[in-house]
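Structure file coords18.json (JSON, C-alpha atoms and all ligand atoms) follows.
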```json
[["chain", "number", "residue", "atom", "x", "y", "z"],
["A", 762, "MET", "CA", 88.47, 61.73, 83.38],
["A", 763, "ALA", "CA", 86.92, 65.19, 83.30],
["A", 764, "GLU", "CA", 89.06, 67.96, 84.72],
["A", 765, "THR", "CA", 87.86, 69.93, 87.69],
["A", 766, "LEU", "CA", 88.14, 73.61, 88.40],
["A", 767, "ASP", "CA", 90.66, 72.77, 91.10],
["A", 768, "SER", "CA", 92.92, 70.75, 88.82],
["A", 769, "LEU", "CA", 92.81, 73.41, 86.09],
["A", 770, "LEU", "CA", 93.58, 76.13, 88.59],
["A", 771, "ALA", "CA", 96.55, 74.22, 89.96],
["A", 772, "GLU", "CA", 97.86, 73.53, 86.46],
["A", 773, "SER", "CA", 97.43, 77.22, 85.53],
["A", 774, "ARG", "CA", 99.19, 78.43, 88.65],
["A", 775, "ASP", "CA", 102.12, 76.08, 88.07],
["A", 776, "LYS", "CA", 102.48, 77.17, 84.44],
["A", 777, "LEU", "CA", 102.53, 80.84, 85.43],
["A", 778, "LYS", "CA", 104.99, 80.18, 88.23],
["A", 779, "ALA", "CA", 107.30, 78.34, 85.85],
["A", 780, "ALA", "CA", 107.11, 81.32, 83.49],
["A", 781, "GLY", "CA", 108.30, 83.61, 86.28],
["A", 782, "ILE", "CA", 104.98, 85.39, 86.86],
["A", 783, "GLU", "CA", 105.15, 86.72, 90.42],
["A", 784, "ALA", "CA", 101.48, 86.64, 91.41],
["A", 785, "ALA", "CA", 100.94, 83.27, 89.72],
["A", 786, "ALA", "CA", 98.15, 81.97, 91.95],
["A", 787, "LEU", "CA", 96.28, 85.26, 92.02],
["A", 788, "ASP", "CA", 96.53, 85.77, 88.26],
["A", 789, "ALA", "CA", 95.37, 82.20, 87.62],
["A", 790, "ARG", "CA", 92.30, 82.71, 89.80],
["A", 791, "HIS", "CA", 91.61, 86.06, 88.20],
["A", 792, "LEU", "CA", 91.80, 84.70, 84.65],
["A", 793, "VAL", "CA", 89.79, 81.55, 85.35],
["A", 794, "SER", "CA", 87.07, 83.41, 87.23],
["A", 795, "GLY", "CA", 86.92, 86.11, 84.55],
["A", 796, "LEU", "CA", 86.75, 83.66, 81.66],
["A", 797, "LEU", "CA", 84.11, 81.48, 83.26],
["A", 798, "GLY", "CA", 82.12, 84.39, 84.66],
["A", 799, "LEU", "CA", 82.42, 83.05, 88.20],
["A", 800, "SER", "CA", 83.08, 85.04, 91.35],
["A", 801, "ARG", "CA", 86.37, 84.31, 93.09],
["A", 802, "ALA", "CA", 84.35, 82.82, 95.97],
["A", 803, "ALA", "CA", 82.60, 80.45, 93.56],
["A", 804, "LEU", "CA", 86.00, 79.21, 92.38],
["A", 805, "VAL", "CA", 86.58, 77.90, 95.88],
["A", 806, "THR", "CA", 83.15, 76.47, 96.63],
["A", 807, "ARG", "CA", 82.79, 74.86, 93.18],
["A", 808, "GLY", "CA", 86.38, 73.63, 92.89],
["A", 809, "GLY", "CA", 85.32, 69.99, 92.56],
["A", 810, "GLU", "CA", 83.03, 70.60, 89.57],
["A", 811, "PRO", "CA", 84.05, 69.42, 86.11],
["A", 812, "VAL", "CA", 85.11, 71.90, 83.42],
["A", 813, "GLY", "CA", 84.04, 71.32, 79.82],
["A", 814, "GLU", "CA", 86.63, 70.85, 77.09],
["A", 815, "ALA", "CA", 85.92, 74.14, 75.35],
["A", 816, "ASP", "CA", 86.25, 76.10, 78.60],
["A", 817, "ALA", "CA", 89.46, 74.27, 79.50],
["A", 818, "ALA", "CA", 90.89, 75.17, 76.08],
["A", 819, "ARG", "CA", 89.97, 78.84, 76.52],
["A", 820, "ILE", "CA", 91.62, 78.87, 79.92],
["A", 821, "ARG", "CA", 94.81, 77.23, 78.64],
["A", 822, "ALA", "CA", 95.04, 79.76, 75.80],
["A", 823, "ALA", "CA", 94.68, 82.63, 78.27],
["A", 824, "ILE", "CA", 97.29, 81.16, 80.58],
["A", 825, "GLU", "CA", 99.70, 80.91, 77.63],
["A", 826, "ARG", "CA", 99.21, 84.61, 76.99],
["A", 827, "ARG", "CA", 99.78, 85.51, 80.63],
["A", 828, "ALA", "CA", 102.89, 83.30, 80.69],
["A", 829, "ALA", "CA", 104.16, 85.48, 77.82],
["A", 830, "HIS", "CA", 103.64, 88.53, 80.10],
["A", 831, "GLU", "CA", 100.42, 89.89, 78.64],
["A", 832, "PRO", "CA", 98.58, 91.59, 81.52],
["A", 833, "VAL", "CA", 95.53, 89.84, 82.99],
["A", 834, "HIS", "CA", 93.13, 92.62, 82.04],
["A", 835, "ARG", "CA", 94.39, 92.82, 78.45],
["A", 836, "ILE", "CA", 93.61, 89.14, 78.13],
["A", 837, "LEU", "CA", 90.15, 89.60, 79.62],
["A", 838, "GLY", "CA", 89.68, 92.75, 77.53],
["A", 839, "GLU", "CA", 88.25, 94.76, 80.38],
["A", 840, "ARG", "CA", 88.92, 95.95, 83.88],
["A", 841, "GLU", "CA", 87.32, 97.67, 86.81],
["A", 842, "PHE", "CA", 88.17, 101.30, 87.54],
["A", 843, "PHE", "CA", 86.52, 103.31, 90.27],
["A", 844, "GLY", "CA", 83.47, 101.03, 90.20],
["A", 845, "LEU", "CA", 83.11, 101.15, 86.40],
["A", 846, "ASN", "CA", 83.59, 98.24, 84.04],
["A", 847, "LEU", "CA", 85.85, 99.44, 81.21],
["A", 848, "LYS", "CA", 86.69, 97.82, 77.93],
["A", 849, "LEU", "CA", 90.36, 98.07, 76.90],
["A", 850, "SER", "CA", 91.75, 98.22, 73.39],
["A", 851, "LYS", "CA", 95.25, 98.28, 71.95],
["A", 852, "ASP", "CA", 95.09, 102.06, 71.66],
["A", 853, "THR", "CA", 94.19, 102.68, 75.29],
["A", 854, "LEU", "CA", 96.37, 102.67, 78.38],
["A", 855, "GLU", "CA", 95.13, 100.19, 80.95],
["A", 856, "PRO", "CA", 93.66, 102.36, 83.72],
["A", 857, "ARG", "CA", 95.76, 102.13, 86.90],
["A", 858, "PRO", "CA", 94.78, 102.41, 90.55],
["A", 859, "ASP", "CA", 97.12, 105.44, 90.64],
["A", 860, "SER", "CA", 94.66, 107.32, 88.46],
["A", 861, "GLU", "CA", 91.90, 106.62, 90.95],
["A", 862, "THR", "CA", 93.80, 109.01, 93.23],
["A", 863, "LEU", "CA", 93.24, 111.73, 90.64],
["A", 864, "VAL", "CA", 89.52, 110.95, 90.43],
["A", 865, "ASP", "CA", 89.24, 110.79, 94.18],
["A", 866, "CYS", "CA", 90.68, 114.22, 94.77],
["A", 867, "LEU", "CA", 88.69, 115.88, 91.97],
["A", 868, "ILE", "CA", 85.24, 114.57, 92.96],
["A", 869, "PRO", "CA", 84.68, 117.09, 95.79],
["A", 870, "HIS", "CA", 85.67, 119.94, 93.46],
["A", 871, "VAL", "CA", 83.38, 118.74, 90.66],
["A", 872, "ARG", "CA", 80.55, 118.33, 93.17],
["A", 873, "ARG", "CA", 81.06, 121.82, 94.58],
["A", 874, "ILE", "CA", 81.16, 123.45, 91.13],
["A", 875, "ALA", "CA", 78.07, 121.50, 89.98],
["A", 876, "ALA", "CA", 76.18, 122.51, 93.12],
["A", 877, "ARG", "CA", 77.06, 126.16, 92.67],
["A", 878, "LYS", "CA", 76.51, 126.46, 88.92],
["A", 879, "GLY", "CA", 73.96, 123.73, 88.29],
["A", 880, "SER", "CA", 76.44, 121.86, 86.11],
["A", 881, "CYS", "CA", 80.16, 121.22, 85.75],
["A", 882, "ARG", "CA", 81.85, 120.93, 82.37],
["A", 883, "ILE", "CA", 84.86, 118.65, 82.34],
["A", 884, "ILE", "CA", 87.45, 118.09, 79.63],
["A", 885, "ASP", "CA", 89.71, 115.02, 79.82],
["A", 886, "LEU", "CA", 92.75, 115.41, 77.55],
["A", 887, "GLY", "CA", 94.04, 112.10, 76.22],
["A", 888, "THR", "CA", 91.04, 110.26, 77.58],
["A", 889, "GLY", "CA", 92.00, 106.74, 76.40],
["A", 890, "THR", "CA", 89.38, 104.35, 77.81],
["A", 891, "GLY", "CA", 87.55, 107.41, 79.19],
["A", 892, "ALA", "CA", 88.33, 106.14, 82.69],
["A", 893, "ILE", "CA", 88.98, 109.42, 84.48],
["A", 894, "CYS", "CA", 86.20, 111.44, 82.90],
["A", 895, "LEU", "CA", 83.62, 108.64, 83.14],
["A", 896, "ALA", "CA", 84.42, 108.02, 86.80],
["A", 897, "LEU", "CA", 83.86, 111.73, 87.52],
["A", 898, "LEU", "CA", 80.57, 111.73, 85.58],
["A", 899, "ASN", "CA", 79.46, 108.61, 87.42],
["A", 900, "ALA", "CA", 80.14, 110.28, 90.76],
["A", 901, "VAL", "CA", 78.48, 113.63, 89.95],
["A", 902, "LEU", "CA", 75.16, 113.54, 88.13],
["A", 903, "ASP", "CA", 75.22, 117.19, 87.08],
["A", 904, "ALA", "CA", 78.59, 116.93, 85.39],
["A", 905, "ARG", "CA", 79.14, 116.68, 81.62],
["A", 906, "GLY", "CA", 82.35, 115.56, 79.98],
["A", 907, "LEU", "CA", 84.35, 115.89, 76.78],
["A", 908, "GLY", "CA", 87.03, 113.26, 76.23],
["A", 909, "THR", "CA", 89.73, 114.09, 73.70],
["A", 910, "ASP", "CA", 92.32, 111.79, 72.20],
["A", 911, "ILE", "CA", 94.64, 111.75, 69.23],
["A", 912, "SER", "CA", 93.51, 108.19, 68.46],
["A", 913, "ASP", "CA", 90.12, 107.56, 66.83],
["A", 914, "ASN", "CA", 90.25, 103.99, 68.11],
["A", 915, "ALA", "CA", 90.68, 105.18, 71.67],
["A", 916, "LEU", "CA", 87.70, 107.53, 71.25],
["A", 917, "GLN", "CA", 85.59, 104.65, 70.01],
["A", 918, "THR", "CA", 86.55, 102.64, 73.10],
["A", 919, "ALA", "CA", 85.78, 105.61, 75.34],
["A", 920, "ARG", "CA", 82.33, 106.00, 73.76],
["A", 921, "GLU", "CA", 81.61, 102.32, 74.21],
["A", 922, "ASN", "CA", 82.66, 102.59, 77.84],
["A", 923, "ALA", "CA", 80.30, 105.53, 78.31],
["A", 924, "ARG", "CA", 77.44, 103.40, 76.89],
["A", 925, "ARG", "CA", 78.38, 100.36, 79.00],
["A", 926, "ASN", "CA", 78.18, 102.41, 82.13],
["A", 927, "GLY", "CA", 75.06, 104.41, 81.32],
["A", 928, "LEU", "CA", 76.95, 107.69, 80.88],
["A", 929, "ALA", "CA", 76.67, 108.24, 77.12],
["A", 930, "GLU", "CA", 74.21, 111.13, 77.40],
["A", 931, "ARG", "CA", 76.70, 113.21, 79.34],
["A", 932, "PHE", "CA", 79.89, 112.25, 77.50],
["A", 933, "GLU", "CA", 81.16, 113.48, 74.16],
["A", 934, "THR", "CA", 84.42, 112.86, 72.34],
["A", 935, "LEU", "CA", 86.67, 114.94, 70.14],
["A", 936, "ARG", "CA", 89.73, 113.95, 68.15],
["A", 937, "SER", "CA", 92.41, 116.40, 69.18],
["A", 938, "ASN", "CA", 96.12, 116.63, 69.90],
["A", 939, "TRP", "CA", 95.85, 118.16, 73.40],
["A", 940, "PHE", "CA", 94.00, 121.48, 72.95],
["A", 941, "GLU", "CA", 94.48, 121.81, 69.17],
["A", 942, "ALA", "CA", 90.86, 121.16, 68.15],
["A", 943, "VAL", "CA", 89.27, 122.25, 71.42],
["A", 944, "GLU", "CA", 86.99, 125.27, 71.62],
["A", 945, "GLY", "CA", 85.49, 127.02, 74.59],
["A", 946, "ARG", "CA", 86.08, 126.95, 78.32],
["A", 947, "PHE", "CA", 85.64, 124.25, 80.93],
["A", 948, "ASP", "CA", 85.17, 124.17, 84.69],
["A", 949, "VAL", "CA", 87.60, 121.31, 85.13],
["A", 950, "ILE", "CA", 90.50, 120.28, 82.92],
["A", 951, "VAL", "CA", 91.89, 116.86, 83.70],
["A", 952, "SER", "CA", 94.61, 114.73, 82.15],
["A", 953, "ASN", "CA", 96.79, 111.70, 82.70],
["A", 954, "PRO", "CA", 99.15, 112.40, 79.78],
["A", 955, "PRO", "CA", 102.18, 110.33, 78.75],
["A", 956, "TYR", "CA", 104.91, 111.22, 81.22],
["A", 957, "ILE", "CA", 107.62, 108.58, 80.98],
["A", 958, "ARG", "CA", 111.02, 109.73, 79.66],
["A", 959, "SER", "CA", 111.63, 108.28, 76.18],
["A", 960, "SER", "CA", 114.96, 106.83, 77.32],
["A", 961, "VAL", "CA", 113.40, 104.64, 80.04],
["A", 962, "ILE", "CA", 110.53, 103.13, 78.01],
["A", 963, "ALA", "CA", 112.82, 100.20, 77.12],
["A", 964, "GLU", "CA", 113.33, 99.46, 80.83],
["A", 965, "LEU", "CA", 109.64, 99.18, 81.69],
["A", 966, "ASP", "CA", 108.07, 95.80, 82.53],
["A", 967, "PRO", "CA", 107.08, 93.76, 79.47],
["A", 968, "GLU", "CA", 103.47, 94.02, 80.69],
["A", 969, "VAL", "CA", 103.69, 97.78, 80.15],
["A", 970, "LYS", "CA", 106.11, 98.31, 77.28],
["A", 971, "TYR", "CA", 104.63, 95.65, 74.98],
["A", 972, "HIS", "CA", 100.96, 96.03, 75.87],
["A", 973, "ASP", "CA", 100.20, 99.63, 76.75],
["A", 974, "PRO", "CA", 100.31, 101.95, 73.71],
["A", 975, "VAL", "CA", 103.67, 103.74, 73.62],
["A", 976, "ALA", "CA", 101.89, 106.96, 72.64],
["A", 977, "ALA", "CA", 100.17, 106.89, 76.05],
["A", 978, "LEU", "CA", 103.47, 106.47, 77.91],
["A", 979, "ASP", "CA", 106.19, 108.37, 76.07],
["A", 980, "GLY", "CA", 106.46, 111.95, 77.33],
["A", 981, "GLY", "CA", 109.57, 112.87, 75.34],
["A", 982, "ASP", "CA", 113.17, 113.47, 76.50],
["A", 983, "GLU", "CA", 112.23, 114.75, 79.95],
["A", 984, "GLY", "CA", 108.76, 113.20, 80.10],
["A", 985, "LEU", "CA", 107.32, 116.71, 80.07],
["A", 986, "ASP", "CA", 106.27, 117.26, 76.43],
["A", 987, "ALA", "CA", 102.55, 116.79, 77.07],
["A", 988, "TYR", "CA", 102.54, 119.02, 80.15],
["A", 989, "ARG", "CA", 104.24, 121.77, 78.10],
["A", 990, "ALA", "CA", 101.62, 121.49, 75.37],
["A", 991, "ILE", "CA", 98.79, 121.55, 77.91],
["A", 992, "ALA", "CA", 100.23, 124.38, 80.02],
["A", 993, "LEU", "CA", 100.59, 126.64, 77.00],
["A", 994, "HIS", "CA", 96.86, 126.77, 76.25],
["A", 995, "ALA", "CA", 95.18, 125.75, 79.50],
["A", 996, "SER", "CA", 94.21, 129.21, 80.72],
["A", 997, "ARG", "CA", 92.37, 129.95, 77.45],
["A", 998, "HIS", "CA", 90.17, 126.90, 78.05],
["A", 999, "LEU", "CA", 89.58, 127.14, 81.78],
["A", 1000, "GLU", "CA", 86.86, 129.18, 83.47],
["A", 1001, "THR", "CA", 88.42, 131.78, 85.79],
["A", 1002, "ASP", "CA", 87.29, 129.84, 88.85],
["A", 1003, "GLY", "CA", 88.03, 126.45, 87.27],
["A", 1004, "LEU", "CA", 90.51, 123.77, 88.25],
["A", 1005, "LEU", "CA", 93.11, 121.74, 86.47],
["A", 1006, "GLY", "CA", 93.99, 118.27, 87.74],
["A", 1007, "LEU", "CA", 96.95, 116.25, 86.45],
["A", 1008, "GLU", "CA", 98.49, 112.90, 87.03],
["A", 1009, "ILE", "CA", 102.29, 113.13, 87.12],
["A", 1010, "GLY", "CA", 105.34, 110.88, 87.36],
["A", 1011, "PHE", "CA", 106.71, 110.30, 90.89],
["A", 1012, "ASP", "CA", 109.61, 112.74, 90.36],
["A", 1013, "GLN", "CA", 107.85, 115.45, 88.33],
["A", 1014, "LYS", "CA", 106.10, 117.58, 90.95],
["A", 1015, "GLN", "CA", 108.59, 120.45, 90.84],
["A", 1016, "ALA", "CA", 109.05, 120.53, 87.08],
["A", 1017, "VAL", "CA", 105.33, 120.34, 86.29],
["A", 1018, "THR", "CA", 104.47, 122.92, 88.95],
["A", 1019, "ALA", "CA", 107.05, 125.29, 87.45],
["A", 1020, "LEU", "CA", 105.60, 124.83, 83.95],
["A", 1021, "PHE", "CA", 102.09, 125.73, 85.10],
["A", 1022, "GLU", "CA", 103.20, 128.56, 87.39],
["A", 1023, "ALA", "CA", 104.88, 130.14, 84.39],
["A", 1024, "GLN", "CA", 101.45, 130.18, 82.69],
["A", 1025, "GLY", "CA", 99.59, 131.84, 85.56],
["A", 1026, "PHE", "CA", 98.51, 128.84, 87.62],
["A", 1027, "ARG", "CA", 98.91, 128.25, 91.34],
["A", 1028, "LEU", "CA", 99.28, 124.81, 92.94],
["A", 1029, "LEU", "CA", 96.21, 124.17, 95.08],
["A", 1030, "SER", "CA", 97.12, 120.70, 96.22],
["A", 1031, "GLY", "CA", 99.58, 117.90, 95.61],
["A", 1032, "VAL", "CA", 98.43, 114.38, 96.45],
["A", 1033, "LYS", "CA", 100.40, 111.17, 96.85],
["A", 1034, "ASP", "CA", 99.28, 107.79, 95.50],
["A", 1035, "LEU", "CA", 98.78, 104.67, 97.61],
["A", 1036, "GLY", "CA", 102.48, 103.88, 97.22],
["A", 1037, "GLY", "CA", 103.42, 107.23, 98.80],
["A", 1038, "ASN", "CA", 104.65, 108.84, 95.55],
["A", 1039, "ASP", "CA", 103.69, 112.29, 94.33],
["A", 1040, "ARG", "CA", 101.02, 111.46, 91.75],
["A", 1041, "VAL", "CA", 98.43, 114.23, 91.43],
["A", 1042, "LEU", "CA", 98.62, 118.01, 91.15],
["A", 1043, "VAL", "CA", 95.60, 120.30, 91.25],
["A", 1044, "PHE", "CA", 96.02, 123.87, 90.02],
["A", 1045, "GLU", "CA", 93.84, 126.95, 90.08],
["A", 1046, "GLN", "CA", 94.31, 130.13, 88.12],
["A", 1047, "ASP", "CA", 96.26, 132.86, 89.77],
["A", 1048, "VAL", "CA", 93.81, 135.72, 89.08],
["A", 1049, "GLU", "CA", 94.22, 139.09, 90.73],
["A", 1101, "LIG", "N1", 101.62, 105.16, 85.30],
["A", 1101, "LIG", "C1", 101.98, 104.61, 84.03],
["A", 1101, "LIG", "C2", 103.07, 103.58, 84.21],
["A", 1101, "LIG", "O1", 103.46, 103.30, 85.28],
["A", 1101, "LIG", "C3", 102.37, 105.71, 83.08],
["A", 1101, "LIG", "C4", 101.18, 106.45, 82.64],
["A", 1101, "LIG", "C5", 101.50, 107.69, 81.88],
["A", 1101, "LIG", "O2", 102.55, 107.89, 81.27],
["A", 1101, "LIG", "N2", 100.55, 108.54, 81.92],
["A", 1101, "LIG", "O3", 103.52, 102.97, 83.29]]
```
Would it be possible to restate this file's structure as structure tokens?
Ligand code: GLN
Amino acid sequence: MAETLDSLLAESRDKLKAAGIEAAALDARHLVSGLLGLSRAALVTRGGEPVGEADAARIRAAIERRAAHEPVHRILGEREFFGLNLKLSKDTLEPRPDSETLVDCLIPHVRRIAARKGSCRIIDLGTGTGAICLALLNAVLDARGLGTDISDNALQTARENARRNGLAERFETLRSNWFEAVEGRFDVIVSNPPYIRSSVIAELDPEVKYHDPVAALDGGDEGLDAYRAIALHASRHLETDGLLGLEIGFDQKQAVTALFEAQGFRLLSGVKDLGGNDRVLVFEQDVE
């Protein structure tokens, strides 16, 4: 007898549950809808319909991967971020809702600068999928962005994401270790650098430690290496009236603020994420 969507969904959910996946039912629906290109509503209304053998095999393979703790979006190869559809690759961090907080609080600034100057030049250090920069470009038509990364593969993914979302004309990439290969000044510097302490990487969830690139997570002994590298050269690359926006670890507000204050920056705002943790810092230059 042919299997139905309902029976495959139930089987998938049970397999994930047995493997200890917490959101088993949700993940099963997400994977099945993603693989079949159906909306989550269609899963319900079409639950009695038969599923072909090839589709059933694809679904079972995906469920196996999820049961082994590969994240849903890694399996699907893409995810939504701030209204954009982004491709993921092994060299890119999976964009998190936490980083949407950073985008959210920078949009008004980018808009204001673009309105005043006719354009706003953004640099995104360690751009990965391009998520943060592309979301800003998507929100503000007069903005242009440069995404840097140490990984050529990540830059290729970022460029593809720019094309996918119709933003390629305003987005460029540059291979660079933080500011090393960067020239010129920008209106907005943004970064979600690696900020996890090296010693705690081993304690992260398998979804993170085995599937996000370690280079995008590991911030050195104190988790501050990238902020130090950025702080050292930021003022040379920021317009006098420009802004610098950073994602930070939940316990890094004081340390990161101190690093940037020592280089002539002043904290303009600190923003918490949806979980109530300090997550975003926005700095301006302390010019007399
Ligand atoms: N927020 C990520 C995590 O929870 C870390 C991202 C980063 O280091 N920039 O794993």
List all protein, DNA and RNA residues that have any atom at most 6 Å from ligand LIG 1101 (chain A), counting all atoms listed in the file, and write the list as a PDB file with C-alpha atoms, in the coordinates of the input.
```
ATOM      1  CA  ASN A 953      96.790 111.700  82.700  1.00  0.00           C
ATOM      2  CA  PRO A 954      99.150 112.400  79.780  1.00  0.00           C
ATOM      3  CA  PRO A 955     102.180 110.330  78.750  1.00  0.00           C
ATOM      4  CA  TYR A 956     104.910 111.220  81.220  1.00  0.00           C
ATOM      5  CA  ILE A 957     107.620 108.580  80.980  1.00  0.00           C
ATOM      6  CA  ALA A 977     100.170 106.890  76.050  1.00  0.00           C
ATOM      7  CA  LEU A 978     103.470 106.470  77.910  1.00  0.00           C
TER       8      LEU A 978
END
```
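Distances here use all atoms listed in the file; by that measure, the residue among A:Val805, A:Ala785, A:Leu1029, A:Ala822 closest to Gly1003 (chain A) is A:Leu1029.
CA of Leu770 (chain A) sits 9.0 Å away from CA of Leu804 (chain A).
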For region 923-928 of chain A, work out the shell of residues within 7 Å, counting only C-alpha atoms and skipping chain neighbours fewer than 3 positions away, then give it as a ChimeraX atom specification. /A:845,895,919-920,931-932
When you draw a straight line from CA of Leu907 (chain A) to CA of Phe947 (chain A), how long is it in Å?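 Spanning CA of Leu907 (chain A) to CA of Phe947 (chain A) is a straight-line distance of 9.4 Å.
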How many Å lie between CA of Phe842 (chain A) and CA of Glu861 (chain A), rounded to one decimal? 7.3 Å
Excluding same-chain residues fewer than 6 positions from Asp979 (chain A), what lies within 12 Å of it counting all atoms listed in the file, as JSON, numbers by chain? {"A": [854, 953, 954, 955, 956, 957, 958, 959, 960, 961, 962, 963, 965, 969, 970, 973, 985, 986, 987, 988, 1010]}
Fewer than 6 positions away in the same chain doesn't count, so skip those; otherwise give me all residues within 9 Å of Thr890 (chain A), counting all atoms listed in the file, as a list in words.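 Final neighbour list, sorted by chain and number: Leu847, Lys848, Leu849, Ser850, Asp852, Thr853, Leu854, Glu855, Pro856, Ala915, Leu916, Gln917, Thr918, Ala919, Arg920, Glu921 and Asn922 of chain A.
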Using all atoms listed in the file, determine which residues lie at most 10 Å from Ser912 (chain A), disregarding the query and same-chain residues fewer than 5 positions distant; provide the list as a list in words.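 Answer for this query is Asp852, Thr853, Gly887, Thr888, Gly889, Gln917, Leu935, Arg936, Ser937, Asn938 and Ala976 of chain A.
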Considering all atoms listed in the file, state which residue in the set A:Glu1000, A:His830, A:Ala995, A:Asp1012 is at the smallest distance from Glu983 (chain A). A:Asp1012
Using all atoms listed in the file, determine which residues lie at most 9 Å from Phe940 (chain A), disregarding the query and same-chain residues fewer than 5 positions distant; provide the list as a list in words.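 In the requested format, the answer is Leu886, Thr909, Ala990, Ile991, His994, Ala995 and His998 of chain A.
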Please dump the current selection as a short mmCIF file (atom, residue, chain, number, x, y, z; two decimals), in the coordinates of the input; keep C-alpha atoms.
```
data_model
loop_
_atom_site.label_atom_id
_atom_site.label_comp_id
_atom_site.auth_asym_id
_atom_site.auth_seq_id
_atom_site.Cartn_x
_atom_site.Cartn_y
_atom_site.Cartn_z
CA LEU A 886 92.75 115.41 77.55
CA THR A 909 89.73 114.09 73.70
CA ALA A 990 101.62 121.49 75.37
CA ILE A 991 98.79 121.55 77.91
CA HIS A 994 96.86 126.77 76.25
CA ALA A 995 95.18 125.75 79.50
CA HIS A 998 90.17 126.90 78.05
#
```
Name the closest residue to Gly891 (chain A) among the candidates A:Asp910, A:Thr1018, A:Gly879, A:Ile874; distances are taken between atoms, counting all atoms listed in the file.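 Nearest to Gly891 (chain A): A:Asp910.
Of the listed residues (A:Cys894, A:Ala1019, A:Val812, A:Leu796), A:Cys894 comes nearest to Arg882 (chain A); the distances count all atoms listed in the file.
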Can you build me a table of region 814-834 of chain A residues sitting at most 8 Å from region 772-778 of chain A, with the closest atom pair per residue and its distance in Å to one decimal, using all atoms listed in the file, sorted by chain and residue number, as JSON lines?
```
{"residue": "A:Arg821", "atom": "CA", "partner": "A:Ser773", "partner_atom": "CA", "distance": 7.4}
{"residue": "A:Ile824", "atom": "CA", "partner": "A:Ser773", "partner_atom": "CA", "distance": 6.3}
{"residue": "A:Arg827", "atom": "CA", "partner": "A:Leu777", "partner_atom": "CA", "distance": 7.2}
{"residue": "A:Ala828", "atom": "CA", "partner": "A:Leu777", "partner_atom": "CA", "distance": 5.4}
```
Closest of A:Phe1011, A:Gly1031, A:Gly798, A:Ala823 to Gly984 (chain A) - atom-to-atom distances counting all atoms listed in the file: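 The answer is A:Phe1011, which sits nearest to Gly984 (chain A).
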I need the residue nearest Gly1036 (chain A) from this list: A:Gly781, A:Gly1006, A:Pro811, A:Pro858. Use all atoms listed in the file for the distance.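 Checking each candidate against Gly1036 (chain A), we get A:Pro858 as the closest.
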